Amino acid sequence: MKNNENNENNQWGEPISSGTQVVGPYFGAYGGAFIPEILYSTIEELKEEFHKAKNDPAFWEEYKALMSNYSCRPTPLTYAERLTEHFKGAKIFIKREDLNHTGAHKANNVMGQGLLVKRMGKTRVIAETGAGQHGVATATMAARFGFDCTIYMGEVDVKRQRPNVFWMERLGATVVAVKEGTRILKDAINEAMRDWVSNMDSTHYVLGTACGPHPFPEMVSYFQSIIGIEARKQILQQHGALPARVYACVGGGSNAMGIFSGFFDDPVELVGVEAGGYGLSTGQHASRLSSNDSSIGVAQGYKTYFLQNHEGQMKETHSVSAGLDYVGVSPILANFKETGRVRFEAATDKEVIEALTLSIKKEGLIPALESAHAFVQAFKEAPELSADKAIIINQSGRGDKDIFTVADAYADPAWREFIIAKAEEYHE
Amino acid sequence: MKNNENNENNQWGEPISSGTQVVGPYFGAYGGAFIPEILYSTIEELKEEFHKAKNDPAFWEEYKALMSNYSCRPTPLTYAERLTEHFKGAKIFIKREDLNHTGAHKANNVMGQGLLVKRMGKTRVIAETGAGQHGVATATMAARFGFDCTIYMGEVDVKRQRPNVFWMERLGATVVAVKEGTRILKDAINEAMRDWVSNMDSTHYVLGTACGPHPFPEMVSYFQSIIGIEARKQILQQHGALPARVYACVGGGSNAMGIFSGFFDDPVELVGVEAGGYGLSTGQHASRLSSNDSSIGVAQGYKTYFLQNHEGQMKETHSVSAGLDYVGVSPILANFKETGRVRFEAATDKEVIEALTLSIKKEGLIPALESAHAFVQAFKEAPELSADKAIIINQSGRGDKDIFTVADAYADPAWREFIIAKAEEYHE
Amino acid sequence: MNKTKVTEYIENQLKKKKILLMTHIVCGYPDFETSYRIVEEMVKAGVDMMELQIPFSEPIADGPVILHANQKSLESGTTVKDCLDFARKVTSDFEIPFLFMSYYNILFKAGVDTFVKEMASRGLQGAIVPDLPPEEGSKYLSCMDEKGLSPVFIFTPNTSFERMKYIANLARGFVYCVARKGVTGLDTSFSDKLETYLQQCREAVQLPIALGFGVKDKSDVNFLIGKADIAIVGTQSIRVVEQQGLKALGPFIAGLRD
Amino acid sequence: MNKTKVTEYIENQLKKKKILLMTHIVCGYPDFETSYRIVEEMVKAGVDMMELQIPFSEPIADGPVILHANQKSLESGTTVKDCLDFARKVTSDFEIPFLFMSYYNILFKAGVDTFVKEMASRGLQGAIVPDLPPEEGSKYLSCMDEKGLSPVFIFTPNTSFERMKYIANLARGFVYCVARKGVTGLDTSFSDKLETYLQQCREAVQLPIALGFGVKDKSDVNFLIGKADIAIVGTQSIRVVEQQGLKALGPFIAGLRD
Ligand SMILES: Cc1ncc(COP(=O)(O)O)c(C=O)c1O
Ligand SMILES: Cc1ncc(COP(=O)(O)O)c(C=O)c1O
């Protein structure tokens, strides 16, 4: 996990490559690979290819080159001067994953997996998606590499996230509306698994976050670690010292693992922020590690904390942000919860809209609703810290993709009129 | 216009700083400052401040630092391998202005002008906008710098570009729907001018393109030249030689001036692509330099080719892309048309959708409808060139902002259903 | 390795029949009363063994038909406790062996040892847990062994011979040979390739072998005679009930073998 | 510098009146017949000079009222040729001097020399072109000079004394002193500050000075007596016609001076 400071060509350091904390299959009591037997050899092949790649310095260089030529890595670390003034506490820095191609950190993961798919000689990729961000990212990667692509998406999400579906289709992907279960993200994962157990010879399953069976949590974290490696260098350059705290939202955990990776060995407090929905006390949330409503379980291929009932059936979750609205969480983070290395908090829907409003107005930054959860907690804590301290917030994605949700959250009448007028136009 | 190769700190070179071709007030017969007398001293102050800044190497460094910390400059130059294979001709490289913060090259200009506003000690900015891109960019800059902000936008555009209006309002800007004239971009410019002649003491008018009175064409080109400076370095690094041709779309001309700036002194053919609308023969287009339907005139503060009738009244124009749908064009480009330094072509709405479809499918890139005009012409010409040649297309912005227009262009039934369902939800 | 009761039962039955039949239901689908009547019909029609699936909210290895049944059962309020009670009832009322089929979380949440004890006390004879590979199952294995229950493991056409032997070592009761890639409920081609695969399975393990996924009519079952010990009919019997009603089930099952 | 006819006329009128009145119409708004009757009413009511605005599609210096009039006139089909013909008619029928007001593109497109010739032949005596600063107007200046017409230039409260003197050097007829920042049609405060500004204008130029932008009633005009030579009433007379009809116009104009 140490940056290789001696490698001159290695401008942005090397990925997390060792350290027991982030090497699978198990992270403390969490992780594993609870997969149907039919996938055994497929997962073995993937593990092997991943480990070869991970141990091949040329691979990381190839990955970095791809990300800097096709996306815009390194993404900036932006000093938020006006927010800092506003809170009169720690200096606030924002890591700008929103500037990635396709608008979120999801690109890091999919492009990395794309390189592995090429190495494995497969020709087709599949993925689950909730809000559609990971679906768009995967379809984009598939277009770029020339792979066939099928995206599984709950029918409910297909209906409410039509803009992303539209782009996935333009990108050449087949979008399958999953009509089973609660017809949202977790059902899309199940359906993608069903495809994979049928087509593993030609097909790679591009899991979208640091969850699922080994090696996915480790692999996704590996690709996302580019965020933390960059951020650490940047904060040292810009602030001259390590940050006191680093904040990231936690859905599956990939953007959090990404930025945290830069600081595991440092005296830096790491804070993961989950979806508090209508409030922890209402039970209507998606807080696996910051609430008492979850318990350890095994599902979707791995062991972690799930929001489930006492018999192990998954519960319905709620969040204003589709990307955090998930029953499970990265097993690596579950372990860090246990070891205390990461602190977990929850932000409510209401707080999220307030933080969004403020960061738009003060800095011209439009964080995704997901990312805005991290902003909430950082805003709460910034005033506690003295002005010589710095904190980093990971802005995992951009929020303009969320316009339908955000406009609804603000109950903007002009937006409603616009949509109604548009609908009338279509009726004619 | 030469990069200062000796300046070690100057990783991305220096901006165009001399050369008679791009220094105002006149560019050949075009340009000038046809402004109401009341603005004389304001424009004088701006010219002075701009020239001081331009001659201060620290200013360009400050500008580059801002653009690399807040936006993601340098933006990548992406080799489009699959498009190249498809056309079996020149190697196609794409300059990725779509990755800028707010999604287009517009950011370069507004952030640069923002620095000047700070230097002048003004506290308010105004801007015109058509599609809303420049409005969002300006409102973003204003939020970041803490300026008051008013955006003028034709009433017709306010109605059809609600998503951008929504974000401008969230960013704290006052959006004024201009109810005069044809109620589109040119009327918004007039209205912004009317504000400026009233409030010039506190207010800077952030013109959005390389048009308008001197020093705007030169100043906007100066800030946008960062595109060409980067692109030249990048193509030499990646291709080992200069490109044969560089393609950019031309609305007002700022992204074209930006990328062309890198290559004026080189043996590189520069191609500007205008909006051919329904086709040049229909008269329903916005081709000022590639059609015979325009003539020299003076309006909105400068002399150039306008689409106007024989008595000098401006005509209505048409393009699928709001950002190119404008009656005038940069006087610098008008001059380059005359000197032959730049070749001008037109792309029709239909060709634009085809090129968009192809670049999405082949590369996972979603160019803005504006940018897609440049893609059209490059795609036509790439097969003519041998495989050892390279061409660059400037992808001035990202297309996901255009979803309402693009979905309409594809007549996507699922999109219509989505909007109709959403409208019904709002009716309840 | 001691033979479990299931293995002994299978070996005995095979003395009487060329091939055994194992069928499958989702507990509580469409309701427990109907579930009971389905079991009754199946047993009457000569089924040799049955899988009782405890519905789970995330059944990743199941195809549309069984997935749907899982869901409907849960929606109507089925609990794990209900399934255990139901199992008690059918193991008392009918003589054939019953095995639980479910996903690992159901066991894990209850506590593997608790759950296995409950199974034993309800007269169940084994379990099939498709998302629990042997690597993750040591606790489960030891609990099952302790109670003399059969942890049924799975072979697939993707499983190497070496791995089959590794699994064989841990398996009890019989081995569930999946006929093809994919989830339950899709067509399988009963071909030479399948035969070769079954030969390999047979070579890898001394336990009886069962073939499942896509078995849907007499010709499929006939094909398997001599190649496998048990034919597993899962989805098809749910389809028959859904499409033709409970009355059609007996004749369907009876008609699977000569 | 020779005095133009306009200057001479102003100087003569000033012998008779404490302050002159210049008014403004947009040609063809709402139609040419009405435009003619407005001119007629104004002349009858004692106006001394008039601006005839040729409508332009991009009138950047005009406020909402005149902007709207420009637009409506164009929409109803008004051409530059129509305006020239109209000018011919009013210069023949009425004795006061008429000046064109328009934006530079109207002149530029016609060809500045052609246009100035046409103006002269129609009996117009000068022009006000708000988007043509003297720096850009050398051709225009020489053509106007040649025909003895008055190119009217503009002073503003933002214009430095030095620049006023530069402009004064090129100006003919009179100088149009804009009362304040902003566009036509908004309120102006008639204050000490305005007086100081007018004193400066007067010092900078020997030509008569006119004050425009926001003059709307008798008290405004009274304020200007002794400070300026001409009071320019633009927007307010359009408003009077729009709101109270043509009949109200004569009394309004007549009531502006004692
Ligand atoms: C912008 C953004 N941030 C965060 C997340 C949550 O995922 P993770 O916790 O894996 O970063 C998502 C998921 O869609 C997302 O789109
Ligand atoms: C993405 C994009 N490209 C191009 C343009 C056209 O402007 P210009 O010709 O000044 O680059 C616009 C204007 O809105 C735009 O948004």
# chains A, B, ... in the order shown; residues from 1 in each chain; ligands from 1
call {"tool": "select_by_dssp", "arguments": {"residues": "range 182-319 of chain B", "states": "strand (DSSP E)", "output": "count of residues only"}}
result
27
call {"tool": "residues_near_ligand", "arguments": {"ligand": "ligand 1", "cutoff": "7 Å", "atoms": "only C-alpha atoms and all ligand atoms", "output": "PyMOL selection string"}}
result
chain A and resi 104-106+130-131+133-134+208-210+249-256+322-324+368+370-371+396-398
call {"tool": "write_last_selection", "arguments": {"atoms": "N, CA and C atoms", "output": "compact mmCIF listing (two decimals), in the first residue's frame"}}
result
# COMPACT_ATOMS: atom_id res chain seq x y z
N ALA A 104 -18.50 9.54 -13.22
CA ALA A 104 -18.33 9.02 -11.87
C ALA A 104 -17.10 8.11 -11.80
N HIS A 105 -16.73 7.77 -10.56
CA HIS A 105 -15.62 6.87 -10.32
C HIS A 105 -15.86 5.49 -10.93
N LYS A 106 -17.09 5.19 -11.28
CA LYS A 106 -17.41 3.87 -11.85
C LYS A 106 -16.49 3.57 -13.05
N GLY A 130 -28.13 -0.04 -10.93
CA GLY A 130 -29.28 0.44 -10.17
C GLY A 130 -29.71 1.75 -10.77
N ALA A 131 -28.99 2.81 -10.44
CA ALA A 131 -29.30 4.12 -10.99
C ALA A 131 -28.99 4.17 -12.48
N GLN A 133 -25.70 4.36 -13.54
CA GLN A 133 -24.34 4.86 -13.71
C GLN A 133 -23.36 3.76 -14.10
N HIS A 134 -23.42 2.67 -13.36
CA HIS A 134 -22.50 1.58 -13.67
C HIS A 134 -22.87 0.94 -15.01
N GLY A 208 -20.06 -3.99 -10.28
CA GLY A 208 -19.89 -2.54 -10.23
C GLY A 208 -19.35 -1.98 -8.94
N THR A 209 -19.20 -2.79 -7.93
CA THR A 209 -18.73 -2.22 -6.68
C THR A 209 -17.90 -3.27 -5.93
N ALA A 210 -17.38 -2.87 -4.77
CA ALA A 210 -16.44 -3.72 -4.03
C ALA A 210 -17.18 -4.78 -3.22
N CYS A 249 -18.86 8.49 0.47
CA CYS A 249 -20.14 7.83 0.62
C CYS A 249 -19.94 6.33 0.42
N VAL A 250 -20.85 5.56 0.97
CA VAL A 250 -20.73 4.11 0.87
C VAL A 250 -22.04 3.50 0.38
N GLY A 251 -21.99 3.04 -0.86
CA GLY A 251 -23.08 2.23 -1.38
C GLY A 251 -22.60 0.79 -1.27
N GLY A 252 -22.01 0.30 -2.35
CA GLY A 252 -21.32 -0.98 -2.26
C GLY A 252 -19.96 -0.80 -1.58
N GLY A 253 -19.39 0.38 -1.75
CA GLY A 253 -18.13 0.67 -1.09
C GLY A 253 -16.95 0.93 -2.01
N SER A 254 -17.19 1.01 -3.31
CA SER A 254 -16.03 1.09 -4.20
C SER A 254 -15.35 2.45 -4.19
N ASN A 255 -16.14 3.53 -4.16
CA ASN A 255 -15.45 4.83 -4.17
C ASN A 255 -14.78 5.07 -2.83
N ALA A 256 -15.41 4.57 -1.76
CA ALA A 256 -14.79 4.71 -0.44
C ALA A 256 -13.48 3.93 -0.38
N ALA A 322 -30.19 6.45 -5.64
CA ALA A 322 -30.30 5.06 -6.11
C ALA A 322 -28.99 4.30 -5.91
N GLY A 323 -27.87 4.97 -6.04
CA GLY A 323 -26.58 4.27 -5.98
C GLY A 323 -26.18 3.83 -4.59
N LEU A 324 -26.86 4.31 -3.57
CA LEU A 324 -26.54 3.87 -2.21
C LEU A 324 -27.63 2.95 -1.65
N ALA A 368 -23.04 14.21 -7.23
CA ALA A 368 -24.13 13.24 -7.34
C ALA A 368 -24.80 13.13 -5.98
N GLU A 370 -25.38 10.55 -4.41
CA GLU A 370 -24.56 9.61 -3.64
C GLU A 370 -23.45 10.37 -2.93
N SER A 371 -22.65 11.07 -3.72
CA SER A 371 -21.50 11.79 -3.17
C SER A 371 -21.91 12.80 -2.11
N SER A 396 -17.70 11.44 -5.69
CA SER A 396 -17.62 10.23 -6.53
C SER A 396 -18.24 10.41 -7.89
N GLY A 397 -19.18 11.35 -8.02
CA GLY A 397 -19.79 11.53 -9.34
C GLY A 397 -20.45 12.88 -9.46
N ARG A 398 -20.92 13.15 -10.67
CA ARG A 398 -21.59 14.43 -10.88
C ARG A 398 -23.10 14.27 -10.81
call {"tool": "residues_around", "arguments": {"residues": "Pro55 in chain D", "least_positions_apart": "4", "cutoff": "7 Å", "atoms": "only C-alpha atoms", "output": "PyMOL selection string"}}
result
chain D and resi 26-27+70+73-74+102
call {"tool": "interface_residues", "arguments": {"of": "chain C", "to": "chain A", "cutoff": "10 Å", "atoms": "only C-alpha atoms", "output": "VMD selection string"}}
result
chain C and resid 55 to 64 67 to 68 70 to 72 74 to 75 79 to 81 103 to 110 129 to 137 153 to 160 163 178 180 to 184
call {"tool": "residues_around", "arguments": {"residues": "Ile353 in chain A", "least_positions_apart": "4", "cutoff": "10 Å", "atoms": "only C-alpha atoms", "output": "compact mmCIF listing (two decimals) with all heavy atoms, in the first residue's frame"}}
result
# COMPACT_ATOMS: atom_id res chain seq x y z
N VAL A 320 -32.78 8.46 -1.15
CA VAL A 320 -33.03 9.39 -2.25
C VAL A 320 -32.04 9.09 -3.38
O VAL A 320 -32.29 9.42 -4.54
CB VAL A 320 -32.89 10.85 -1.79
CG1 VAL A 320 -31.44 11.17 -1.39
CG2 VAL A 320 -33.36 11.84 -2.84
N THR A 348 -29.13 11.72 6.13
CA THR A 348 -30.53 11.56 5.68
C THR A 348 -30.74 12.24 4.33
O THR A 348 -29.98 13.12 3.93
CB THR A 348 -31.52 12.18 6.69
OG1 THR A 348 -31.29 13.60 6.72
CG2 THR A 348 -31.33 11.60 8.08
N ASP A 349 -31.81 11.84 3.68
CA ASP A 349 -32.18 12.44 2.39
C ASP A 349 -32.23 13.96 2.49
O ASP A 349 -31.76 14.67 1.60
CB ASP A 349 -33.58 11.95 1.96
CG ASP A 349 -33.61 10.47 1.62
OD1 ASP A 349 -32.55 9.83 1.62
OD2 ASP A 349 -34.72 9.96 1.36
N THR A 357 -27.30 21.67 -2.11
CA THR A 357 -27.61 23.07 -2.35
C THR A 357 -26.41 23.95 -2.04
O THR A 357 -26.04 24.82 -2.81
CB THR A 357 -28.80 23.50 -1.45
OG1 THR A 357 -29.90 22.62 -1.74
CG2 THR A 357 -29.21 24.94 -1.72
N LEU A 358 -25.80 23.67 -0.90
CA LEU A 358 -24.68 24.50 -0.46
C LEU A 358 -23.45 24.35 -1.36
O LEU A 358 -22.81 25.33 -1.72
CB LEU A 358 -24.31 24.14 0.98
CG LEU A 358 -23.44 25.17 1.68
CD1 LEU A 358 -24.24 26.44 1.96
CD2 LEU A 358 -22.85 24.62 2.97
N LEU A 369 -26.05 12.72 -5.96
CA LEU A 369 -26.74 12.54 -4.69
C LEU A 369 -25.96 11.58 -3.80
O LEU A 369 -25.90 11.76 -2.58
CB LEU A 369 -28.16 12.02 -4.92
CG LEU A 369 -29.15 13.05 -5.48
CD1 LEU A 369 -30.45 12.38 -5.90
CD2 LEU A 369 -29.43 14.13 -4.45
N ALA A 372 -23.07 13.40 -2.30
CA ALA A 372 -23.52 14.45 -1.38
C ALA A 372 -23.63 13.92 0.05
O ALA A 372 -23.55 14.69 1.02
CB ALA A 372 -24.84 15.06 -1.85
N HIS A 373 -23.79 12.61 0.20
CA HIS A 373 -23.81 12.04 1.54
C HIS A 373 -22.48 12.28 2.26
O HIS A 373 -22.46 12.59 3.46
CB HIS A 373 -24.08 10.53 1.48
CG HIS A 373 -25.51 10.19 1.18
ND1 HIS A 373 -26.08 10.39 -0.07
CD2 HIS A 373 -26.50 9.67 1.95
CE1 HIS A 373 -27.36 10.01 -0.04
NE2 HIS A 373 -27.63 9.57 1.17
N VAL A 376 -22.32 15.85 3.48
CA VAL A 376 -23.10 16.10 4.70
C VAL A 376 -22.22 15.92 5.94
O VAL A 376 -22.13 16.80 6.80
CB VAL A 376 -24.31 15.15 4.79
CG1 VAL A 376 -24.94 15.20 6.19
CG2 VAL A 376 -25.36 15.48 3.73
N VAL A 406 -33.40 15.15 -8.42
CA VAL A 406 -33.11 16.39 -7.71
C VAL A 406 -34.24 17.40 -7.91
O VAL A 406 -34.69 18.04 -6.96
CB VAL A 406 -31.76 16.98 -8.16
CG1 VAL A 406 -31.52 18.33 -7.50
CG2 VAL A 406 -30.62 16.03 -7.81
N ALA A 409 -36.83 16.45 -5.66
CA ALA A 409 -36.49 16.76 -4.27
C ALA A 409 -36.70 18.24 -3.98
O ALA A 409 -37.13 18.61 -2.90
CB ALA A 409 -35.05 16.36 -3.98
N TYR A 410 -36.40 19.09 -4.96
CA TYR A 410 -36.62 20.52 -4.77
C TYR A 410 -38.07 20.91 -5.08
O TYR A 410 -38.46 22.07 -4.94
CB TYR A 410 -35.69 21.34 -5.67
CG TYR A 410 -34.26 21.43 -5.20
CD1 TYR A 410 -33.23 20.70 -5.79
CD2 TYR A 410 -33.91 22.29 -4.15
CE1 TYR A 410 -31.91 20.80 -5.38
CE2 TYR A 410 -32.60 22.41 -3.73
CZ TYR A 410 -31.60 21.65 -4.34
OH TYR A 410 -30.30 21.76 -3.94
call {"tool": "atom_distance", "arguments": {"atom1": "CA of Leu194 in chain D", "atom2": "CA of Ala210 in chain D"}}
result
12.7 Å
